[in-house]
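Source file: protein-v1.txt; contents: compact mmCIF, C-alpha atoms.
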# COMPACT_ATOMS: atom_id res chain seq x y z
CA MET Y 1 104.78 -34.91 -40.01
CA ASN Y 2 103.53 -35.57 -43.52
CA GLN Y 3 100.44 -34.00 -45.03
CA ASN Y 4 97.21 -35.31 -43.49
CA THR Y 5 99.14 -37.03 -40.69
CA HIS Y 6 96.90 -38.56 -38.01
CA LEU Y 7 98.36 -38.91 -34.52
CA LYS Y 8 96.80 -40.50 -31.47
CA THR Y 9 97.37 -39.76 -27.78
CA ASP Y 10 95.67 -39.84 -24.41
CA VAL Y 11 95.82 -36.09 -23.78
CA CYS Y 12 96.35 -33.30 -26.30
CA ILE Y 13 97.45 -30.04 -24.67
CA VAL Y 14 97.05 -26.90 -26.75
CA GLY Y 15 99.54 -24.24 -25.65
CA ALA Y 16 103.09 -24.73 -24.33
CA GLY Y 17 103.03 -22.00 -21.73
CA PRO Y 18 103.95 -22.80 -18.12
CA GLY Y 19 100.59 -24.44 -17.32
CA GLY Y 20 100.49 -26.60 -20.43
CA ALA Y 21 104.15 -27.58 -20.19
CA LEU Y 22 103.87 -28.50 -16.51
CA LEU Y 23 100.75 -30.58 -17.12
CA SER Y 24 102.48 -32.48 -19.92
CA PHE Y 25 105.47 -33.19 -17.68
CA LEU Y 26 103.34 -34.45 -14.80
CA LEU Y 27 101.32 -36.75 -17.06
CA LYS Y 28 104.42 -38.14 -18.74
CA GLN Y 29 105.85 -39.01 -15.33
CA GLN Y 30 102.89 -41.35 -14.90
CA GLY Y 31 103.22 -42.91 -18.34
CA ILE Y 32 100.24 -41.06 -19.80
CA SER Y 33 100.83 -40.20 -23.44
CA THR Y 34 100.54 -36.53 -24.33
CA ILE Y 35 100.99 -34.32 -27.34
CA LEU Y 36 101.80 -30.71 -26.52
CA ILE Y 37 101.25 -28.28 -29.38
CA GLU Y 38 102.52 -24.72 -29.62
CA ARG Y 39 101.84 -22.16 -32.34
CA GLN Y 40 105.24 -20.50 -31.91
CA PRO Y 41 108.39 -22.07 -33.44
CA HIS Y 42 110.24 -22.22 -30.10
CA LEU Y 43 109.94 -21.62 -26.36
CA LEU Y 44 111.29 -18.06 -26.51
CA LYS Y 45 107.85 -16.51 -26.44
CA SER Y 46 107.06 -12.91 -25.57
CA PHE Y 47 105.60 -13.03 -22.09
CA ARG Y 48 105.52 -10.44 -19.33
CA GLY Y 49 103.87 -12.14 -16.37
CA GLU Y 50 107.07 -13.67 -15.07
CA VAL Y 51 106.86 -13.19 -11.30
CA LEU Y 52 106.66 -16.37 -9.25
CA ASN Y 53 104.97 -16.11 -5.85
CA ALA Y 54 104.80 -18.57 -2.96
CA ASP Y 55 102.01 -20.59 -4.63
CA GLY Y 56 103.94 -21.15 -7.84
CA GLU Y 57 107.17 -21.78 -5.95
CA HIS Y 58 105.37 -24.46 -3.91
CA VAL Y 59 104.12 -26.25 -7.03
CA LEU Y 60 107.58 -26.30 -8.60
CA ASN Y 61 109.18 -27.54 -5.37
CA LYS Y 62 106.49 -30.20 -5.01
CA HIS Y 63 107.50 -31.69 -8.33
CA GLY Y 64 111.27 -31.31 -8.00
CA LEU Y 65 111.61 -28.56 -10.60
CA TYR Y 66 112.37 -25.44 -8.60
CA HIS Y 67 116.07 -26.14 -8.02
CA SER Y 68 116.68 -26.65 -11.74
CA VAL Y 69 114.82 -23.42 -12.52
CA THR Y 70 116.98 -21.47 -10.06
CA GLN Y 71 120.11 -22.95 -11.63
CA ARG Y 72 118.92 -21.78 -15.03
CA GLY Y 73 118.60 -18.27 -13.60
CA VAL Y 74 116.08 -16.36 -11.46
CA LEU Y 75 116.07 -13.11 -9.48
CA PRO Y 76 114.49 -12.97 -6.00
CA LEU Y 77 112.93 -9.56 -5.35
CA GLU Y 78 113.95 -8.24 -1.94
CA GLN Y 79 111.32 -5.57 -1.25
CA ILE Y 80 108.47 -3.42 -2.55
CA GLN Y 81 109.22 0.30 -2.63
CA TYR Y 82 106.82 3.23 -2.97
CA TRP Y 83 108.41 6.33 -4.52
CA GLU Y 84 107.42 10.01 -4.55
CA ASN Y 85 109.38 12.78 -6.31
CA GLY Y 86 112.39 10.56 -6.83
CA GLN Y 87 112.54 9.33 -3.23
CA ILE Y 88 111.45 6.17 -1.41
CA ILE Y 89 108.62 6.98 0.99
CA HIS Y 90 107.64 3.47 2.10
CA THR Y 91 109.16 0.00 1.90
CA ILE Y 92 107.56 -3.41 2.36
CA PHE Y 93 109.95 -6.22 3.29
CA PRO Y 94 109.39 -10.00 3.17
CA GLY Y 95 107.35 -11.43 5.99
CA GLU Y 96 108.68 -13.69 8.71
CA GLN Y 97 110.25 -16.88 7.34
CA GLU Y 98 110.12 -15.39 3.82
CA SER Y 99 113.21 -14.45 1.83
CA HIS Y 100 111.61 -12.44 -0.97
CA VAL Y 101 108.44 -10.66 -2.12
CA GLY Y 102 108.42 -12.53 -5.43
CA ILE Y 103 110.86 -14.11 -7.87
CA HIS Y 104 111.46 -13.00 -11.43
CA VAL Y 105 111.69 -16.12 -13.57
CA PRO Y 106 112.25 -15.58 -17.31
CA GLN Y 107 109.60 -17.65 -19.05
CA ASP Y 108 112.10 -19.27 -21.40
CA HIS Y 109 114.11 -20.47 -18.37
CA LEU Y 110 111.00 -21.97 -16.77
CA LEU Y 111 109.79 -23.61 -19.96
CA GLU Y 112 113.19 -24.97 -20.93
CA VAL Y 113 113.51 -26.70 -17.55
CA ILE Y 114 110.01 -28.18 -17.60
CA VAL Y 115 110.12 -29.32 -21.23
CA SER Y 116 113.65 -30.75 -20.94
CA GLN Y 117 112.61 -32.76 -17.88
CA SER Y 118 109.51 -33.91 -19.74
CA LEU Y 119 111.56 -35.05 -22.73
CA LYS Y 120 113.62 -37.25 -20.41
CA GLN Y 121 110.45 -39.26 -19.77
CA GLY Y 122 110.62 -40.46 -23.37
CA ASN Y 123 108.04 -40.68 -26.15
CA GLU Y 124 107.23 -37.00 -25.72
CA HIS Y 125 105.57 -35.17 -28.58
CA VAL Y 126 106.10 -31.41 -28.59
CA LEU Y 127 104.92 -29.93 -31.86
CA PHE Y 128 105.99 -26.35 -32.55
CA ASN Y 129 104.66 -24.25 -35.44
CA THR Y 130 101.33 -25.97 -34.85
CA VAL Y 131 98.02 -24.10 -34.90
CA MET Y 132 94.68 -25.57 -33.89
CA THR Y 133 92.12 -25.14 -36.67
CA GLY Y 134 89.13 -26.87 -35.07
CA PHE Y 135 87.94 -30.07 -33.46
CA LEU Y 136 88.28 -33.53 -34.94
CA ARG Y 137 84.89 -35.28 -34.96
CA ASN Y 138 83.90 -38.89 -35.61
CA LYS Y 139 80.99 -40.08 -37.72
CA ALA Y 140 78.62 -39.53 -34.80
CA ASP Y 141 79.77 -35.90 -34.64
CA LYS Y 142 81.47 -36.47 -31.29
CA ILE Y 143 84.65 -34.50 -30.60
CA VAL Y 144 87.54 -36.97 -30.55
CA GLY Y 145 90.55 -34.68 -30.99
CA VAL Y 146 91.81 -31.57 -32.76
CA ASN Y 147 92.65 -30.58 -36.29
CA VAL Y 148 95.83 -28.56 -36.71
CA ARG Y 149 98.18 -27.03 -39.22
CA HIS Y 150 101.71 -28.16 -38.47
CA GLU Y 151 104.30 -26.06 -40.27
CA GLY Y 152 101.59 -25.07 -42.71
CA ARG Y 153 100.37 -28.62 -43.43
CA PRO Y 154 97.08 -30.11 -42.21
CA ALA Y 155 97.13 -32.85 -39.62
CA SER Y 156 94.87 -34.30 -36.93
CA ILE Y 157 95.44 -35.46 -33.37
CA GLU Y 158 93.04 -37.95 -31.85
CA ALA Y 159 92.84 -37.61 -28.05
CA ALA Y 160 90.71 -38.81 -25.19
CA VAL Y 161 91.06 -35.42 -23.46
CA ILE Y 162 91.73 -31.98 -24.97
CA VAL Y 163 93.25 -29.31 -22.73
CA GLY Y 164 93.05 -25.63 -23.63
CA ALA Y 165 96.16 -24.05 -22.14
CA ASP Y 166 96.39 -21.51 -24.92
CA GLY Y 167 95.95 -18.24 -23.09
CA ARG Y 168 93.55 -15.32 -22.99
CA TYR Y 169 92.63 -15.70 -26.69
CA SER Y 170 92.20 -19.47 -26.41
CA ALA Y 171 91.28 -21.26 -29.64
CA VAL Y 172 90.07 -24.28 -27.65
CA ARG Y 173 87.71 -22.08 -25.66
CA ARG Y 174 86.44 -20.36 -28.80
CA TYR Y 175 85.80 -23.57 -30.75
CA ALA Y 176 84.08 -25.10 -27.69
CA SER Y 177 81.92 -21.96 -27.23
CA LEU Y 178 82.96 -21.74 -23.58
CA THR Y 179 82.39 -18.00 -23.56
CA PRO Y 180 83.96 -16.13 -20.64
CA GLU Y 181 82.58 -13.15 -18.79
CA ILE Y 182 84.99 -10.30 -19.56
CA HIS Y 183 85.64 -7.46 -17.14
CA LYS Y 184 87.39 -4.25 -18.21
CA HIS Y 185 89.46 -2.50 -15.56
CA GLY Y 186 89.46 1.05 -16.87
CA TYR Y 187 93.12 1.12 -17.82
CA ASP Y 188 95.58 -0.19 -20.37
CA LEU Y 189 99.25 -0.82 -19.80
CA LEU Y 190 102.36 0.44 -21.54
CA TRP Y 191 105.25 -2.00 -21.26
CA ALA Y 192 108.93 -1.35 -21.85
CA ARG Y 193 112.14 -3.10 -20.85
CA ILE Y 194 115.42 -1.28 -20.39
CA PRO Y 195 118.82 -2.09 -18.88
CA ALA Y 196 119.03 -1.46 -15.15
CA PRO Y 197 121.41 1.24 -13.95
CA ALA Y 198 124.47 0.32 -11.89
CA GLY Y 199 123.64 -0.60 -8.30
CA TRP Y 200 119.97 -1.25 -9.04
CA GLU Y 201 118.57 -3.32 -6.15
CA PRO Y 202 116.23 -6.22 -7.01
CA ALA Y 203 112.83 -4.87 -6.00
CA VAL Y 204 109.38 -3.88 -7.12
CA ARG Y 205 109.11 -0.08 -7.31
CA MET Y 206 105.80 1.80 -7.38
CA ALA Y 207 104.99 5.43 -8.14
CA SER Y 208 101.83 7.41 -8.83
CA MET Y 209 101.80 9.33 -12.10
CA ASP Y 210 98.81 11.63 -12.70
CA GLY Y 211 96.76 9.33 -10.50
CA GLN Y 212 97.84 6.27 -12.49
CA GLN Y 213 100.07 3.47 -11.26
CA LEU Y 214 103.64 3.14 -12.50
CA ALA Y 215 105.45 -0.08 -11.58
CA LEU Y 216 109.04 -1.15 -12.16
CA PHE Y 217 110.08 -4.79 -11.81
CA SER Y 218 113.69 -5.84 -11.53
CA GLN Y 219 114.43 -8.70 -13.92
CA PHE Y 220 117.06 -11.39 -14.13
CA GLY Y 221 119.87 -10.44 -16.47
CA GLY Y 222 120.11 -6.80 -15.40
CA TYR Y 223 116.87 -5.37 -16.78
CA VAL Y 224 113.99 -3.25 -15.57
CA GLN Y 225 110.46 -3.93 -16.79
CA ILE Y 226 108.24 -0.87 -16.82
CA GLY Y 227 104.47 -1.18 -16.48
CA TRP Y 228 102.71 2.18 -16.88
CA ASN Y 229 98.95 2.38 -16.41
CA ILE Y 230 97.12 4.73 -18.78
CA PRO Y 231 93.36 5.32 -19.11
CA GLN Y 232 91.65 2.62 -21.13
CA GLY Y 233 91.58 3.37 -24.86
CA SER Y 234 93.71 6.51 -24.52
CA PHE Y 235 96.87 5.44 -26.30
CA SER Y 236 95.89 6.60 -29.79
CA LYS Y 237 95.27 10.14 -28.53
CA LEU Y 238 98.31 9.98 -26.30
CA ARG Y 239 100.51 9.25 -29.32
CA GLU Y 240 99.35 12.51 -30.90
CA GLN Y 241 101.00 14.45 -28.08
CA PRO Y 242 104.72 15.30 -27.86
CA PHE Y 243 106.69 12.33 -26.59
CA ALA Y 244 109.36 14.09 -24.54
CA PRO Y 245 107.08 15.55 -21.84
CA PHE Y 246 105.38 12.19 -21.40
CA VAL Y 247 108.55 10.17 -20.89
CA GLN Y 248 109.99 12.91 -18.69
CA LYS Y 249 107.40 11.89 -16.08
CA LEU Y 250 109.13 8.52 -15.84
CA VAL Y 251 112.51 10.15 -15.33
CA THR Y 252 111.08 12.53 -12.73
CA ALA Y 253 109.64 9.61 -10.78
CA PHE Y 254 112.88 7.61 -10.99
CA PRO Y 255 115.86 9.92 -11.67
CA CYS Y 256 118.30 7.00 -11.56
CA LEU Y 257 116.78 5.78 -14.85
CA THR Y 258 117.64 9.00 -16.72
CA ASP Y 259 120.46 7.61 -18.87
CA SER Y 260 118.83 4.25 -19.61
CA VAL Y 261 115.51 5.87 -20.55
CA ALA Y 262 117.25 8.41 -22.80
CA GLU Y 263 119.03 5.62 -24.67
CA HIS Y 264 116.25 3.04 -24.90
CA ILE Y 265 112.87 4.84 -24.80
CA GLN Y 266 113.00 7.45 -27.53
CA THR Y 267 109.66 7.12 -29.35
CA TRP Y 268 106.13 5.85 -28.70
CA SER Y 269 107.14 2.69 -30.56
CA ASP Y 270 109.47 1.76 -27.70
CA PHE Y 271 106.38 1.00 -25.61
CA VAL Y 272 104.19 -2.09 -26.10
CA LEU Y 273 100.47 -1.60 -25.44
CA LEU Y 274 98.62 -4.24 -23.43
CA SER Y 275 94.84 -4.07 -23.38
CA VAL Y 276 93.94 -4.94 -19.80
CA GLU Y 277 90.97 -7.14 -18.97
CA SER Y 278 90.14 -10.08 -16.75
CA SER Y 279 87.74 -12.91 -17.46
CA PHE Y 280 86.20 -16.00 -15.91
CA ALA Y 281 84.65 -18.75 -18.01
CA GLU Y 282 81.29 -19.86 -16.64
CA SER Y 283 82.36 -23.45 -17.27
CA TRP Y 284 85.95 -24.63 -17.57
CA ALA Y 285 85.01 -28.05 -18.94
CA GLN Y 286 82.67 -29.55 -21.50
CA ASP Y 287 82.57 -33.25 -22.34
CA ASN Y 288 86.24 -34.20 -22.94
CA ILE Y 289 87.48 -30.59 -23.14
CA VAL Y 290 88.96 -28.63 -20.22
CA LEU Y 291 90.54 -25.20 -19.86
CA LEU Y 292 93.29 -24.03 -17.54
CA GLY Y 293 95.18 -20.81 -16.83
CA ASP Y 294 94.30 -17.70 -18.81
CA ALA Y 295 92.03 -19.73 -21.08
CA ALA Y 296 89.74 -20.33 -18.10
CA HIS Y 297 90.40 -17.15 -16.11
CA THR Y 298 92.40 -14.29 -17.55
CA MET Y 299 94.02 -12.12 -14.90
CA THR Y 300 95.51 -8.65 -15.07
CA PRO Y 301 99.17 -8.06 -14.15
CA THR Y 302 98.15 -6.70 -10.73
CA GLY Y 303 99.47 -8.86 -7.91
CA ALA Y 304 101.29 -11.24 -10.27
CA PHE Y 305 98.74 -14.04 -9.86
CA GLY Y 306 98.42 -15.28 -13.44
CA LEU Y 307 101.51 -17.46 -13.87
CA ASN Y 308 101.08 -18.98 -10.44
CA ALA Y 309 97.38 -19.71 -10.95
CA ALA Y 310 98.19 -21.55 -14.18
CA LEU Y 311 100.77 -23.72 -12.39
CA GLU Y 312 98.25 -24.52 -9.65
CA ASP Y 313 95.61 -25.40 -12.27
CA ALA Y 314 98.04 -27.77 -13.97
CA ASP Y 315 98.94 -29.41 -10.67
CA VAL Y 316 95.29 -30.13 -9.81
CA LEU Y 317 94.33 -31.16 -13.34
CA ALA Y 318 97.24 -33.61 -13.46
CA GLU Y 319 95.88 -35.35 -10.35
CA LEU Y 320 92.46 -35.63 -11.97
CA LEU Y 321 93.78 -36.95 -15.28
CA ILE Y 322 96.03 -39.50 -13.57
CA ASP Y 323 92.97 -40.83 -11.73
CA MET Y 324 90.93 -40.79 -14.93
CA ALA Y 325 93.57 -42.82 -16.76
CA ALA Y 326 92.59 -45.85 -14.66
CA ASP Y 327 89.35 -46.19 -16.65
CA GLN Y 328 90.80 -45.02 -19.98
CA PHE Y 329 89.40 -41.49 -19.53
CA THR Y 330 85.79 -42.61 -19.89
CA SER Y 331 84.69 -40.56 -16.87
CA THR Y 332 85.18 -37.18 -18.57
CA GLU Y 333 82.60 -35.58 -16.27
CA ARG Y 334 85.40 -35.54 -13.70
CA LEU Y 335 87.03 -32.70 -15.65
CA GLN Y 336 84.46 -30.45 -13.97
CA GLU Y 337 86.31 -31.05 -10.72
CA LEU Y 338 89.10 -28.69 -11.78
CA GLN Y 339 86.77 -25.71 -11.53
CA ALA Y 340 85.17 -27.10 -8.38
CA ARG Y 341 88.56 -27.29 -6.69
CA ARG Y 342 90.17 -24.15 -8.08
CA GLY Y 343 87.34 -21.79 -8.97
CA GLU Y 344 86.79 -20.16 -5.57
CA LYS Y 345 90.45 -19.29 -5.05
CA VAL Y 346 90.66 -17.85 -8.55
CA LYS Y 347 87.56 -15.72 -7.92
CA GLN Y 348 89.13 -14.44 -4.71
CA GLN Y 349 92.30 -13.51 -6.61
CA LEU Y 350 90.32 -11.70 -9.30
CA ALA Y 351 88.46 -9.78 -6.61
CA ARG Y 352 91.75 -9.02 -4.89
CA GLN Y 353 93.10 -7.55 -8.13
CA LEU Y 354 90.13 -5.20 -8.40
CA GLU Y 355 90.56 -4.13 -4.78
CA MET Y 356 94.29 -3.51 -5.22
CA GLU Y 357 93.68 -1.42 -8.34
CA SER Y 358 90.85 0.64 -6.89
CA SER Y 359 92.67 1.34 -3.62
CA PHE Y 360 96.13 2.03 -5.04
CA GLN Y 361 95.94 5.80 -4.90
CA GLN Y 362 94.46 5.80 -1.40
CA ARG Y 363 96.98 3.27 -0.16
CA TYR Y 364 99.80 5.16 -1.83
CA GLU Y 365 98.76 8.45 -0.27
CA SER Y 366 98.65 6.83 3.17
CA PHE Y 367 102.41 6.27 2.96
CA GLN Y 368 103.20 9.93 2.37

Exercise: express the given structure as structure tokens:
Amino acid sequence: MNQNTHLKTDVCIVGAGPGGALLSFLLKQQGISTILIERQPHLLKSFRGEVLNADGEHVLNKHGLYHSVTQRGVLPLEQIQYWENGQIIHTIFPGEQESHVGIHVPQDHLLEVIVSQSLKQGNEHVLFNTVMTGFLRNKADKIVGVNVRHEGRPASIEAAVIVGADGRYSAVRRYASLTPEIHKHGYDLLWARIPAPAGWEPAVRMASMDGQQLALFSQFGGYVQIGWNIPQGSFSKLREQPFAPFVQKLVTAFPCLTDSVAEHIQTWSDFVLLSVESSFAESWAQDNIVLLGDAAHTMTPTGAFGLNAALEDADVLAELLIDMAADQFTSTERLQELQARRGEKVKQQLARQLEMESSFQQRYESFQ
């Protein structure tokens, strides 16, 4: 695009995560023009909520995408294990007529499949290196699109509907003043990813470390993702302590990781800190603006709901927008229906996360 480029579309989607990408694909299938913008230069974004559950799997199957995703590469997780002193003390297997307890899907695999299928629809605009800088307004001060910087140059995108699919720090939500209610959970998370040892079974592994939850997730490609709960705001003081005794707790809990941990987790810098919080926007829509996924309802990693909730949001919002296209998107009040249809389930999932976190130690001890 040239400087001061002005584009026009039916729907502008801010954020090319799974929810935004799926929504764009579904709209393009129906001939609805979309522009999907993404601040990163590519689809290989850092993302850790990559577990697909039955809800997300259903959405992808519904739209003929799941098979292509599996061909690109996924890892079904066969069981959930609870460990104590280096031993398995309890195992949860898939339920009847289920083949897994979740599926690890690398986000780049999921996004590549969805975006490539969307591009086959033709006339698709996916703009990388594009940052929203505010709303585009007409002379009557009505919001009619978004202003952006594309590869460092200003541009504008006129759109009948603006979708904020841009995550927990959503620019669309901020500019629209759709302030969420934020809930802290009393813990932060240390993330790390290391190669899996030989013979590592695809599973979710849990352990209790000093009363805090430690979770290991098998990942496609032969990796283990480590999620280690620590008290909220404690990392700066934790870093002042000797590193070796801290990481030794991980090795004690899972002795089979000894060699991989020794090679790949050697300093505090080998962990990534995630500040954990959940949120729920009082309103997901305002005029011709609507939020989905983490922009509307940020979830914690507990229970692996976030990715799947975003896919479900996109599925429902696509139905609404396809109906709205019949009258050229003049009935923007219908955007409120997304929250009406999805809000209660999301609230239940947020409550479920709190219950799972608060009862972990008690539940864990019941297995011993």

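With all atoms listed in the file as the basis for measurement, Y:Ala207 is the residue among Y:Leu250, Y:Leu257, Y:Ala207, Y:Val290 that approaches Y:Tyr364 most closely.
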
**Request:** Tell me which of Y:Glu57, Y:Lys62, Y:Gln40, Y:Gln286 sits closest to Y:Thr179, counting all atoms listed in the file.
**Result:**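 Of all the options, Y:Gln286 lies closest to Y:Thr179.
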
**Item:** Spatial neighbours of stretch 110-115 of chain Y, 8 Å, only C-alpha atoms, chain gap at least 5 places, as a PyMOL selection string
**Value:** chain Y and resi 17-18+21-22+25+43+65+68-69+72+105

**Residue nearest Y:Pro231 among Y:Gly64, Y:Gly56, Y:Gly152, Y:Gly186 (counting only C-alpha atoms)** =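 Smallest separation from Y:Pro231 among the options: Y:Gly186.
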
**Prompt:** Any idea what's packed within 6 Å of Y:Ala155, counting all atoms listed in the file, ignoring anything in its chain fewer than 4 positions away? Could you give it as a PyMOL selection string?
**Reply:** chain Y and resi 4-6+148-149

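Excluding Y:Leu7 itself and same-chain residues fewer than 3 positions from it, the residues having an atom within 9 Å of it are Ile35, Ala155, Ser156, Ile157, Glu158 and Ala159 of chain Y, counting all atoms listed in the file.
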
**Asked** Smallest atom-to-atom distance to Y:Gly199: which of Y:Cys256, Y:Arg239, Y:Tyr175, Y:Glu38, using only C-alpha atoms?
**Response** Y:Cys256

**Asked** Quick one: residues within 10 Å of Y:Phe235, all atoms listed in the file counted, chain neighbours fewer than 3 positions away excluded, as a list of chain:residue names?
**Response**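 Contacts, in chain order: Y:Asp188, Y:Leu189, Y:Leu190, Y:Ile230, Y:Pro231, Y:Gln232, Y:Leu238, Y:Arg239, Y:Glu240, Y:Trp268, Y:Leu273.
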
Write the residues of the preceding selection, restricted to C-alpha atoms, as a PDB file, in the frame of the given file.
ATOM      1  CA  ASP Y 188      95.580  -0.190 -20.370  1.00  0.00           C
ATOM      2  CA  LEU Y 189      99.250  -0.820 -19.800  1.00  0.00           C
ATOM      3  CA  LEU Y 190     102.360   0.440 -21.540  1.00  0.00           C
ATOM      4  CA  ILE Y 230      97.120   4.730 -18.780  1.00  0.00           C
ATOM      5  CA  PRO Y 231      93.360   5.320 -19.110  1.00  0.00           C
ATOM      6  CA  GLN Y 232      91.650   2.620 -21.130  1.00  0.00           C
ATOM      7  CA  LEU Y 238      98.310   9.980 -26.300  1.00  0.00           C
ATOM      8  CA  ARG Y 239     100.510   9.250 -29.320  1.00  0.00           C
ATOM      9  CA  GLU Y 240      99.350  12.510 -30.900  1.00  0.00           C
ATOM     10  CA  TRP Y 268     106.130   5.850 -28.700  1.00  0.00           C
ATOM     11  CA  LEU Y 273     100.470  -1.600 -25.440  1.00  0.00           C
TER      12      LEU Y 273
END

**Request:** Rank nothing, just name the residue among Y:Gln353, Y:Ser99, Y:Asn308, Y:Thr332 nearest to Y:Leu60, using all atoms listed in the file.
**Result:**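 Looking only at the distances to Y:Leu60, the closest residue turns out to be Y:Asn308.
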
**Asked** Which residues, written as a ChimeraX atom specification, have at least one atom at most 6 Å from Y:His104, with all atoms listed in the file counted and residues fewer than 6 positions away on the same chain left out?
**Response** /Y:50-51,74-75,219

**Message:** Report, in Å with one decimal, the straight-line distance from atom CA of Y:Asn147 to atom CA of Y:Val131.
**Reply:** 8.5 Å

**Asked** Given the choices Y:Ala262, Y:Leu311, Y:Val146, Y:Ala281, which gets closest to Y:Ile162 if the distance is worked out from only C-alpha atoms?
**Response** Y:Val146

**Prompt:** Any idea what the distance is between atom CA of Y:Asn229 and atom CA of Y:Gln212?
**Reply:**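 Taking atom CA of Y:Asn229 as the start and atom CA of Y:Gln212 as the end point, the length is 5.6 Å.
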
Which centre and which edge lengths, in Å to one decimal, describe the axis-aligned box that holds all listed atoms of stretch 285-298 of chain Y after 3 Å is added on each side, as lines of an AutoDock Vina configuration file?
center_x = 88.9
center_y = -24.2
center_z = -19.6
size_x = 18.6
size_y = 25.9
size_z = 13.0

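Within 7 Å of the file-frame point (111.4, -4.4, -11.0), and using only C-alpha atoms, the polymer residues found are Pro202, Ala203, Val204, Arg205, Leu216, Phe217, Ser218, Gln219, Val224 and Gln225 of chain Y.
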
Residue selection dump (C-alpha atoms) as a CSV table (one decimal), in the frame of the given file:
chain,number,residue,atom,x,y,z
Y,202,PRO,CA,116.2,-6.2,-7.0
Y,203,ALA,CA,112.8,-4.9,-6.0
Y,204,VAL,CA,109.4,-3.9,-7.1
Y,205,ARG,CA,109.1,-0.1,-7.3
Y,216,LEU,CA,109.0,-1.2,-12.2
Y,217,PHE,CA,110.1,-4.8,-11.8
Y,218,SER,CA,113.7,-5.8,-11.5
Y,219,GLN,CA,114.4,-8.7,-13.9
Y,224,VAL,CA,114.0,-3.2,-15.6
Y,225,GLN,CA,110.5,-3.9,-16.8

**Item:** atom CA of Y:Met324 to atom CA of Y:Pro180, straight-line distance in Å
**Value:**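 Separation between atom CA of Y:Pro180 and atom CA of Y:Met324: 26.3 Å.
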
**Selection as a PyMOL selection string: residues within 9 Å of (94.8, 6.7, -8.8), counting all atoms listed in the file** = chain Y and resi 208-213+357-362+364
